[in-house]
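Undergrad: To be precise about what I am sending: the file is called structure.txt and holds compact mmCIF, C-alpha atoms.
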```txt
# COMPACT_ATOMS: atom_id res chain seq x y z
CA MET A 11 71.77 114.63 38.42
CA GLN A 12 73.89 117.37 39.95
CA ALA A 13 70.80 119.55 40.44
CA ILE A 14 69.00 116.69 42.21
CA ALA A 15 72.01 115.99 44.46
CA ARG A 16 72.21 119.67 45.36
CA GLU A 17 68.49 119.73 46.20
CA MET A 18 68.63 116.52 48.28
CA ASN A 19 71.74 117.90 50.06
CA PHE A 20 73.01 114.55 51.32
CA SER A 21 76.75 113.94 51.46
CA GLU A 22 76.30 111.81 48.33
CA THR A 23 73.44 110.90 46.02
CA THR A 24 73.72 107.93 43.65
CA PHE A 25 72.10 107.28 40.29
CA VAL A 26 71.90 103.68 39.09
CA LEU A 27 71.86 103.21 35.31
CA PRO A 28 72.09 100.27 32.87
CA PRO A 29 75.58 98.74 32.56
CA GLU A 30 77.96 100.24 30.02
CA ARG A 31 80.38 97.29 29.86
CA PRO A 32 79.97 93.51 30.10
CA ASP A 33 82.09 93.06 33.24
CA THR A 34 79.74 95.20 35.36
CA ASP A 35 76.18 94.74 36.59
CA VAL A 36 75.15 98.42 36.60
CA ARG A 37 76.60 101.85 35.89
CA MET A 38 76.44 104.12 38.92
CA ARG A 39 77.21 107.83 39.17
CA ILE A 40 77.84 109.52 42.52
CA PHE A 41 77.34 113.22 43.31
CA THR A 42 77.99 115.39 46.36
CA PRO A 43 76.00 118.65 46.49
CA ASN A 44 78.80 120.34 44.50
CA ALA A 45 80.62 117.71 42.43
CA GLU A 46 80.63 114.25 40.85
CA LEU A 47 82.97 111.68 42.41
CA PRO A 48 84.63 108.88 40.40
CA ILE A 49 84.26 106.46 43.31
CA ALA A 50 82.92 106.55 46.87
CA GLY A 51 82.52 104.04 49.67
CA HIS A 52 79.33 104.53 51.62
CA PRO A 53 77.25 105.40 48.54
CA THR A 54 78.40 102.07 47.06
CA ILE A 55 77.61 100.10 50.21
CA GLY A 56 74.28 101.87 50.71
CA SER A 57 73.31 101.38 47.08
CA THR A 58 74.14 97.68 47.36
CA PHE A 59 71.67 97.32 50.24
CA ALA A 60 69.06 99.39 48.38
CA LEU A 61 69.37 97.25 45.24
CA ALA A 62 69.17 94.07 47.30
CA SER A 63 66.05 95.38 49.06
CA ALA A 64 64.48 96.21 45.69
CA GLY A 65 65.25 92.75 44.31
CA VAL A 66 67.70 94.02 41.69
CA ILE A 67 70.44 91.95 43.32
CA ALA A 68 69.35 88.32 43.52
CA ARG A 69 69.25 86.69 46.95
CA ASN A 70 72.39 84.78 47.97
CA ARG A 71 74.49 86.19 45.15
CA ASP A 72 78.09 86.50 46.44
CA GLN A 73 79.34 89.41 44.30
CA PHE A 74 77.97 92.44 42.46
CA VAL A 75 80.05 94.76 40.26
CA PHE A 76 79.40 98.49 39.97
CA GLY A 77 80.66 100.41 36.97
CA LEU A 78 81.94 103.66 38.50
CA GLY A 79 83.90 106.57 37.11
CA ALA A 80 87.05 104.86 38.42
CA GLY A 81 86.17 101.62 36.63
CA PRO A 82 84.61 98.32 37.76
CA VAL A 83 84.27 98.04 41.56
CA PRO A 84 83.31 94.63 42.99
CA VAL A 85 81.30 94.31 46.19
CA ALA A 86 81.25 91.04 48.14
CA LEU A 87 77.86 90.17 49.63
CA LEU A 88 77.19 88.33 52.89
CA TRP A 89 73.65 87.10 53.54
CA ARG A 90 71.69 86.02 56.61
CA SER A 91 68.84 83.84 55.37
CA ASP A 92 67.36 85.95 52.55
CA GLU A 93 68.54 89.31 53.90
CA LEU A 94 71.77 91.06 52.94
CA SER A 95 73.69 91.45 56.21
CA PHE A 96 77.13 92.89 55.29
CA THR A 97 79.08 94.05 52.25
CA TRP A 98 82.78 94.44 51.47
CA MET A 99 83.79 96.96 48.80
CA THR A 100 87.17 96.49 47.08
CA GLN A 101 89.08 99.74 46.52
CA PRO A 102 92.09 100.60 44.33
CA LEU A 103 95.56 100.32 45.85
CA PRO A 104 96.81 103.48 47.60
CA ILE A 105 98.92 106.37 46.33
CA PHE A 106 100.79 108.43 48.97
CA SER A 107 102.25 111.97 49.04
CA ALA A 108 103.34 114.10 52.01
CA THR A 109 102.42 117.62 53.11
CA SER A 110 103.14 119.97 56.06
CA PHE A 111 102.11 120.06 59.75
CA LYS A 112 101.78 123.83 60.00
CA GLU A 113 99.18 124.34 57.29
CA ALA A 114 97.14 121.32 58.38
CA ALA A 115 97.04 122.46 62.02
CA ALA A 116 95.93 125.95 61.02
CA ALA A 117 93.18 124.57 58.78
CA LEU A 118 91.79 122.55 61.71
CA GLY A 119 92.21 125.33 64.28
CA LEU A 120 94.60 123.20 66.37
CA PRO A 121 98.11 123.71 67.80
CA GLU A 122 100.87 122.06 65.78
CA ALA A 123 101.80 119.96 68.83
CA ALA A 124 98.48 118.10 68.54
CA ILE A 125 99.89 116.67 65.31
CA THR A 126 103.66 116.59 65.80
CA ALA A 127 103.45 114.77 69.15
CA THR A 128 102.02 111.73 67.36
CA GLY A 129 105.32 111.18 65.53
CA LEU A 130 103.26 110.51 62.38
CA PRO A 131 103.23 112.44 59.10
CA VAL A 132 100.48 114.52 57.58
CA GLU A 133 99.92 112.76 54.29
CA VAL A 134 97.71 112.72 51.21
CA VAL A 135 96.50 109.20 50.41
CA SER A 136 94.17 108.13 47.61
CA CYS A 137 92.38 104.89 46.80
CA GLY A 138 90.59 106.59 43.92
CA VAL A 139 89.79 109.90 45.67
CA PRO A 140 92.53 111.84 47.54
CA PHE A 141 92.18 112.98 51.15
CA LEU A 142 94.59 114.71 53.50
CA TYR A 143 95.19 112.56 56.61
CA VAL A 144 96.01 114.41 59.83
CA PRO A 145 96.98 112.30 62.86
CA LEU A 146 96.10 113.77 66.27
CA THR A 147 97.27 112.83 69.73
CA THR A 148 93.90 112.29 71.42
CA ARG A 149 90.21 111.83 70.75
CA ALA A 150 89.63 115.12 72.52
CA ALA A 151 91.82 116.83 69.91
CA VAL A 152 89.75 115.23 67.15
CA ASP A 153 86.57 116.54 68.76
CA SER A 154 88.14 120.01 69.09
CA ALA A 155 88.97 120.31 65.39
CA THR A 156 87.04 122.92 63.44
CA ILE A 157 87.56 124.19 59.94
CA ASP A 158 89.05 127.70 59.66
CA PRO A 159 87.79 128.71 56.19
CA ALA A 160 90.68 131.02 55.31
CA ALA A 161 93.35 128.58 56.56
CA TYR A 162 91.59 125.69 54.81
CA ALA A 163 91.59 127.63 51.53
CA ARG A 164 95.33 128.31 51.93
CA LEU A 165 95.94 124.62 52.58
CA MET A 166 94.06 123.59 49.44
CA ARG A 167 95.94 126.15 47.34
CA ALA A 168 99.30 125.04 48.74
CA TRP A 169 98.55 121.33 48.41
CA PRO A 170 96.09 120.83 45.51
CA ASP A 171 96.76 117.08 45.67
CA ALA A 172 94.92 117.10 49.02
CA GLY A 173 91.87 117.28 46.83
CA THR A 174 88.62 116.22 48.38
CA GLY A 175 88.85 116.86 52.10
CA VAL A 176 90.72 116.65 55.41
CA PHE A 177 90.46 113.46 57.46
CA CYS A 178 91.66 113.78 61.06
CA PHE A 179 91.97 110.83 63.40
CA SER A 180 93.48 109.60 66.64
CA PRO A 181 94.73 106.08 67.37
CA GLU A 182 93.93 106.62 71.06
CA ARG A 183 92.10 103.52 72.24
CA ALA A 184 89.02 103.32 74.45
CA ASP A 185 86.52 100.63 75.44
CA ASP A 186 84.65 100.75 72.11
CA ASN A 187 87.06 98.49 70.15
CA ALA A 188 87.76 101.21 67.58
CA THR A 189 91.21 101.21 66.01
CA VAL A 190 90.92 104.94 65.32
CA TYR A 191 88.52 107.75 66.21
CA SER A 192 87.92 110.03 63.24
CA ARG A 193 86.25 112.97 61.51
CA MET A 194 86.17 114.12 57.87
CA PHE A 195 85.66 117.65 56.51
CA ALA A 196 85.09 118.35 52.80
CA PRO A 197 83.64 121.87 52.36
CA ALA A 198 85.09 122.14 48.85
CA VAL A 199 82.61 119.52 47.59
CA GLY A 200 79.69 120.78 49.66
CA VAL A 201 80.09 118.46 52.66
CA PHE A 202 81.16 120.41 55.73
CA GLU A 203 81.45 117.22 57.80
CA ASP A 204 80.62 113.62 56.89
CA ALA A 205 79.38 111.01 59.37
CA ALA A 206 80.89 108.08 57.45
CA THR A 207 83.35 108.22 54.56
CA GLY A 208 84.09 104.83 53.03
CA ILE A 209 86.35 106.04 50.23
CA ALA A 210 88.48 107.85 52.85
CA SER A 211 88.52 104.84 55.17
CA GLY A 212 90.38 102.50 52.81
CA PRO A 213 93.29 104.94 52.48
CA LEU A 214 93.13 105.48 56.26
CA GLY A 215 93.74 101.77 56.77
CA CYS A 216 96.64 101.90 54.31
CA TYR A 217 98.12 104.85 56.22
CA LEU A 218 97.90 102.91 59.50
CA VAL A 219 99.66 99.92 57.92
CA ARG A 220 102.35 101.97 56.20
CA HIS A 221 103.31 103.81 59.38
CA ASN A 222 103.10 100.76 61.67
CA VAL A 223 100.20 102.08 63.74
CA VAL A 224 98.76 98.57 63.38
CA THR A 225 100.40 95.20 62.81
CA THR A 226 99.91 93.19 59.65
CA ALA A 227 97.59 90.86 61.57
CA GLU A 228 95.56 93.77 62.97
CA ALA A 229 95.28 95.30 59.49
CA ALA A 230 92.91 92.54 58.41
CA SER A 231 90.22 93.80 60.80
CA MET A 232 90.22 97.49 61.71
CA LEU A 233 87.39 99.74 62.86
CA SER A 234 87.11 103.49 62.36
CA LEU A 235 84.64 105.21 64.67
CA GLN A 236 83.49 108.31 62.76
CA GLY A 237 80.72 110.88 63.20
CA VAL A 238 80.59 110.82 67.02
CA ARG A 239 81.11 114.57 67.34
CA MET A 240 78.19 115.09 64.95
CA GLY A 241 75.92 112.89 67.06
CA ARG A 242 75.85 110.36 64.18
CA PRO A 243 78.31 107.59 65.18
CA SER A 244 79.32 105.29 62.34
CA HIS A 245 81.31 102.04 62.47
CA VAL A 246 83.44 101.69 59.35
CA HIS A 247 85.15 98.32 58.90
CA ILE A 248 88.51 98.29 57.09
CA SER A 249 90.57 95.33 55.91
CA VAL A 250 94.02 95.82 54.35
CA GLY A 251 96.00 92.87 53.07
CA ALA A 252 99.77 93.41 53.35
CA GLU A 253 102.83 91.24 52.83
CA ASN A 254 106.43 92.25 53.60
CA GLY A 255 105.32 95.87 53.91
CA ASP A 256 103.54 95.88 50.53
CA ILE A 257 99.81 96.59 50.48
CA ARG A 258 98.10 94.00 48.30
CA SER A 259 94.40 94.65 48.88
CA VAL A 260 92.06 97.28 50.35
CA ARG A 261 88.47 96.67 51.41
CA VAL A 262 85.89 98.71 53.31
CA GLY A 263 82.79 97.10 54.72
CA GLY A 264 79.61 97.82 56.58
CA THR A 265 75.87 97.55 56.80
CA SER A 266 73.01 99.84 55.78
CA VAL A 267 69.35 100.25 56.63
CA LEU A 268 66.42 101.60 54.63
CA ALA A 269 65.55 104.99 56.12
CA GLY A 270 62.79 106.05 53.75
CA GLU A 271 61.47 106.00 50.20
CA GLY A 272 59.37 108.21 47.99
CA THR A 273 58.79 109.72 44.57
CA LEU A 274 60.70 112.64 43.09
CA TYR A 275 58.89 114.74 40.48
CA ILE A 276 61.18 116.50 38.04
```
What would you get if you wrote out this structure as structure tokens?
TA:
Amino acid sequence: MQAIAREMNFSETTFVLPPERPDTDVRMRIFTPNAELPIAGHPTIGSTFALASAGVIARNRDQFVFGLGAGPVPVALLWRSDELSFTWMTQPLPIFSATSFKEAAAALGLPEAAITATGLPVEVVSCGVPFLYVPLTTRAAVDSATIDPAAYARLMRAWPDAGTGVFCFSPERADDNATVYSRMFAPAVGVFEDAATGIASGPLGCYLVRHNVVTTAEAASMLSLQGVRMGRPSHVHISVGAENGDIRSVRVGGTSVLAGEGTLYI
């Protein structure tokens, strides 16, 4: 499976297998070109649409449960007539840990002021897979970010909990209704930049709630606009349920389209 994922060279490749436990519908394994992930967002959403298109998921079913490396992951299904129109993936509750401005700025080739002027922390957050979240003052700063390989390597050595990749974002608003404008870099797992990162978007929503970037009411319906700088804009829907400052639920949602199909000879 790892060899196939490396050859296909997508951000993630999924493999759907028979279920291993009675509370799941299938077992699914997810690989980047360099590593297996215990859980991921867009591969789960995309695979849901693929399985619905293939008839594996029955029409008008309201939930499907994937058995992932992180355990059972339910996906809520919304239908329009007989076609799957939208899915919501439930993610584990977040775990937070802080890091430093200086190393994060160097890794992204940006001045420290682009981060510190936000008044927000650089923080590692995980809803199953850890990412380092770097707030930036403007969308232009997000577009200007570029990975400095040596500085990135130093950052990963200094903060091994940062794990999978660096997610930079700006809460600067525009006329596109996006809550945040974002990019994600993960060269350590073979993904220099990702156009849409569902498993990083749930923790992003939790970060925004924890640091009062959004209100509790706004947290129920957030939008991350990712991949614009790559020429591959993606709209990632995020819903975080919170009560009295406590995060109670994390969901990431979206749609997917069939881009192609074929036969792989091994």
Undergrad: Using all atoms listed in the file, which of the listed residues (A:Thr97, A:Val152, A:Gly173, A:Asp33) sits closest to Thr58 (chain A)?
TA: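 Smallest separation from Thr58 (chain A) among the options: A:Thr97.
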Undergrad: Counting all atoms listed in the file, figure out which residue out of A:Leu218, A:Val238, A:Val135, A:Val224 gets nearest to Ser192 (chain A).
TA: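 Looking at the shortest contact to Ser192 (chain A), the residue is A:Val238.
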Undergrad: To one decimal place in Å, what is the distance between CA of Gly270 (chain A) and CA of Thr23 (chain A)?
TA: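 Going from CA of Gly270 (chain A) over to CA of Thr23 (chain A) covers 14.0 Å.
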Undergrad: Using only C-alpha atoms, which residue out of A:Ala188, A:Ala163, A:Ala168, A:Ile209 lies closest to Met232 (chain A)?
TA: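 Between A:Ala188, A:Ala163, A:Ala168, A:Ile209, the residue approaching Met232 (chain A) most closely is A:Ala188.
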Undergrad: To one decimal place, how far is CA of Val262 (chain A) from CA of Ala172 (chain A) in Å?
TA: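 Atom-to-atom, CA of Val262 (chain A) to CA of Ala172 (chain A), that is 20.9 Å.
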Undergrad: Taking into account only C-alpha atoms, which residue in the set A:Val260, A:Ala123, A:Leu274, A:Ala210 is nearest to Ala230 (chain A)?
TA: A:Val260
Undergrad: Counting only C-alpha atoms, which of A:Met11, A:Ala227, A:Ala108, A:Met38 gets nearest to Val250 (chain A)?
TA: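 Distance minimum relative to Val250 (chain A) lands on A:Ala227.
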Undergrad: To one decimal place, how far is CA of Gly129 (chain A) from CA of Leu146 (chain A) in Å?
TA: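 Atom-to-atom, CA of Gly129 (chain A) to CA of Leu146 (chain A), that is 9.6 Å.
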Undergrad: Do a neighbour search on Cys216 (chain A) at 9 Å with all atoms listed in the file, toss out local chain neighbours closer than 4 positions, and write the hits as a list in words.
TA: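 Once the nearby chain positions are removed, what remains is Leu103, Pro104, Val135, Ser211, Gly212, Arg220, His221, Ala229, Val250, Ile257 and Val260 of chain A.
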Undergrad: What would the file be for region 54-136 of chain A if you keep C-alpha atoms and write it as a PDB file, in the first residue's frame?
TA:
```
ATOM      1  CA  THR A  54     -12.385  10.091   4.571  1.00  0.00           C
ATOM      2  CA  ILE A  55     -14.793  12.529   2.917  1.00  0.00           C
ATOM      3  CA  GLY A  56     -13.575  11.640  -0.576  1.00  0.00           C
ATOM      4  CA  SER A  57     -13.783   7.924   0.129  1.00  0.00           C
ATOM      5  CA  THR A  58     -17.339   8.371   1.410  1.00  0.00           C
ATOM      6  CA  PHE A  59     -18.363   9.912  -1.919  1.00  0.00           C
ATOM      7  CA  ALA A  60     -16.489   7.208  -3.853  1.00  0.00           C
ATOM      8  CA  LEU A  61     -18.195   4.413  -1.912  1.00  0.00           C
ATOM      9  CA  ALA A  62     -21.591   6.056  -2.382  1.00  0.00           C
ATOM     10  CA  SER A  63     -20.939   6.381  -6.123  1.00  0.00           C
ATOM     11  CA  ALA A  64     -19.964   2.701  -6.289  1.00  0.00           C
ATOM     12  CA  GLY A  65     -23.105   1.634  -4.426  1.00  0.00           C
ATOM     13  CA  VAL A  66     -21.215   0.358  -1.374  1.00  0.00           C
ATOM     14  CA  ILE A  67     -23.048   2.909   0.767  1.00  0.00           C
ATOM     15  CA  ALA A  68     -26.787   2.465   0.339  1.00  0.00           C
ATOM     16  CA  ARG A  69     -28.798   5.457  -0.868  1.00  0.00           C
ATOM     17  CA  ASN A  70     -30.340   7.632   1.855  1.00  0.00           C
ATOM     18  CA  ARG A  71     -28.341   6.036   4.646  1.00  0.00           C
ATOM     19  CA  ASP A  72     -27.680   8.745   7.271  1.00  0.00           C
ATOM     20  CA  GLN A  73     -24.396   7.458   8.764  1.00  0.00           C
ATOM     21  CA  PHE A  74     -21.404   5.343   7.765  1.00  0.00           C
ATOM     22  CA  VAL A  75     -18.585   4.342  10.128  1.00  0.00           C
ATOM     23  CA  PHE A  76     -14.972   3.960   9.007  1.00  0.00           C
ATOM     24  CA  GLY A  77     -12.567   1.865  11.036  1.00  0.00           C
ATOM     25  CA  LEU A  78      -9.367   3.921  10.983  1.00  0.00           C
ATOM     26  CA  GLY A  79      -6.068   3.624  12.800  1.00  0.00           C
ATOM     27  CA  ALA A  80      -7.453   6.074  15.370  1.00  0.00           C
ATOM     28  CA  GLY A  81     -10.571   3.944  15.888  1.00  0.00           C
ATOM     29  CA  PRO A  82     -14.163   4.160  14.611  1.00  0.00           C
ATOM     30  CA  VAL A  83     -14.911   7.441  12.791  1.00  0.00           C
ATOM     31  CA  PRO A  84     -18.561   8.181  11.946  1.00  0.00           C
ATOM     32  CA  VAL A  85     -19.512  10.210   8.888  1.00  0.00           C
ATOM     33  CA  ALA A  86     -22.957  11.818   8.607  1.00  0.00           C
ATOM     34  CA  LEU A  87     -24.463  11.687   5.120  1.00  0.00           C
ATOM     35  CA  LEU A  88     -26.733  14.269   3.499  1.00  0.00           C
ATOM     36  CA  TRP A  89     -28.517  13.308   0.275  1.00  0.00           C
ATOM     37  CA  ARG A  90     -30.192  15.207  -2.550  1.00  0.00           C
ATOM     38  CA  SER A  91     -32.602  12.784  -4.206  1.00  0.00           C
ATOM     39  CA  ASP A  92     -30.418   9.696  -4.737  1.00  0.00           C
ATOM     40  CA  GLU A  93     -27.101  11.552  -4.828  1.00  0.00           C
ATOM     41  CA  LEU A  94     -24.818  12.136  -1.847  1.00  0.00           C
ATOM     42  CA  SER A  95     -24.531  15.925  -1.544  1.00  0.00           C
ATOM     43  CA  PHE A  96     -22.528  16.613   1.654  1.00  0.00           C
ATOM     44  CA  THR A  97     -20.763  14.736   4.448  1.00  0.00           C
ATOM     45  CA  TRP A  98     -19.769  15.618   8.013  1.00  0.00           C
ATOM     46  CA  MET A  99     -16.852  13.740   9.573  1.00  0.00           C
ATOM     47  CA  THR A 100     -16.647  13.600  13.382  1.00  0.00           C
ATOM     48  CA  GLN A 101     -13.118  14.045  14.754  1.00  0.00           C
ATOM     49  CA  PRO A 102     -11.600  13.374  18.200  1.00  0.00           C
ATOM     50  CA  LEU A 103     -11.560  16.214  20.726  1.00  0.00           C
ATOM     51  CA  PRO A 104      -8.466  18.456  20.570  1.00  0.00           C
ATOM     52  CA  ILE A 105      -5.191  18.328  22.476  1.00  0.00           C
ATOM     53  CA  PHE A 106      -3.198  21.600  22.703  1.00  0.00           C
ATOM     54  CA  SER A 107       0.483  22.430  23.354  1.00  0.00           C
ATOM     55  CA  ALA A 108       2.400  25.671  22.732  1.00  0.00           C
ATOM     56  CA  THR A 109       5.612  26.431  20.844  1.00  0.00           C
ATOM     57  CA  SER A 110       7.688  29.502  19.857  1.00  0.00           C
ATOM     58  CA  PHE A 111       7.222  32.406  17.409  1.00  0.00           C
ATOM     59  CA  LYS A 112      10.855  32.649  16.352  1.00  0.00           C
ATOM     60  CA  GLU A 113      11.294  29.112  15.049  1.00  0.00           C
ATOM     61  CA  ALA A 114       7.911  29.103  13.303  1.00  0.00           C
ATOM     62  CA  ALA A 115       8.611  32.408  11.521  1.00  0.00           C
ATOM     63  CA  ALA A 116      12.001  31.181  10.328  1.00  0.00           C
ATOM     64  CA  ALA A 117      10.506  27.926   9.024  1.00  0.00           C
ATOM     65  CA  LEU A 118       7.999  29.903   6.934  1.00  0.00           C
ATOM     66  CA  GLY A 119      10.500  32.527   5.763  1.00  0.00           C
ATOM     67  CA  LEU A 120       8.506  35.335   7.421  1.00  0.00           C
ATOM     68  CA  PRO A 121       9.339  38.141   9.878  1.00  0.00           C
ATOM     69  CA  GLU A 122       8.333  37.418  13.470  1.00  0.00           C
ATOM     70  CA  ALA A 123       6.054  40.482  13.407  1.00  0.00           C
ATOM     71  CA  ALA A 124       3.796  38.733  10.883  1.00  0.00           C
ATOM     72  CA  ILE A 125       2.945  36.346  13.729  1.00  0.00           C
ATOM     73  CA  THR A 126       3.343  38.384  16.911  1.00  0.00           C
ATOM     74  CA  ALA A 127       1.154  41.249  15.663  1.00  0.00           C
ATOM     75  CA  THR A 128      -1.845  38.894  15.650  1.00  0.00           C
ATOM     76  CA  GLY A 129      -1.709  38.614  19.453  1.00  0.00           C
ATOM     77  CA  LEU A 130      -2.310  34.867  19.029  1.00  0.00           C
ATOM     78  CA  PRO A 131      -0.041  31.973  20.010  1.00  0.00           C
ATOM     79  CA  VAL A 132       1.783  29.511  17.811  1.00  0.00           C
ATOM     80  CA  GLU A 133       0.341  26.225  18.974  1.00  0.00           C
ATOM     81  CA  VAL A 134       0.339  22.498  18.275  1.00  0.00           C
ATOM     82  CA  VAL A 135      -3.201  21.113  18.131  1.00  0.00           C
ATOM     83  CA  SER A 136      -4.272  17.545  17.394  1.00  0.00           C
TER      84      SER A 136
END
```
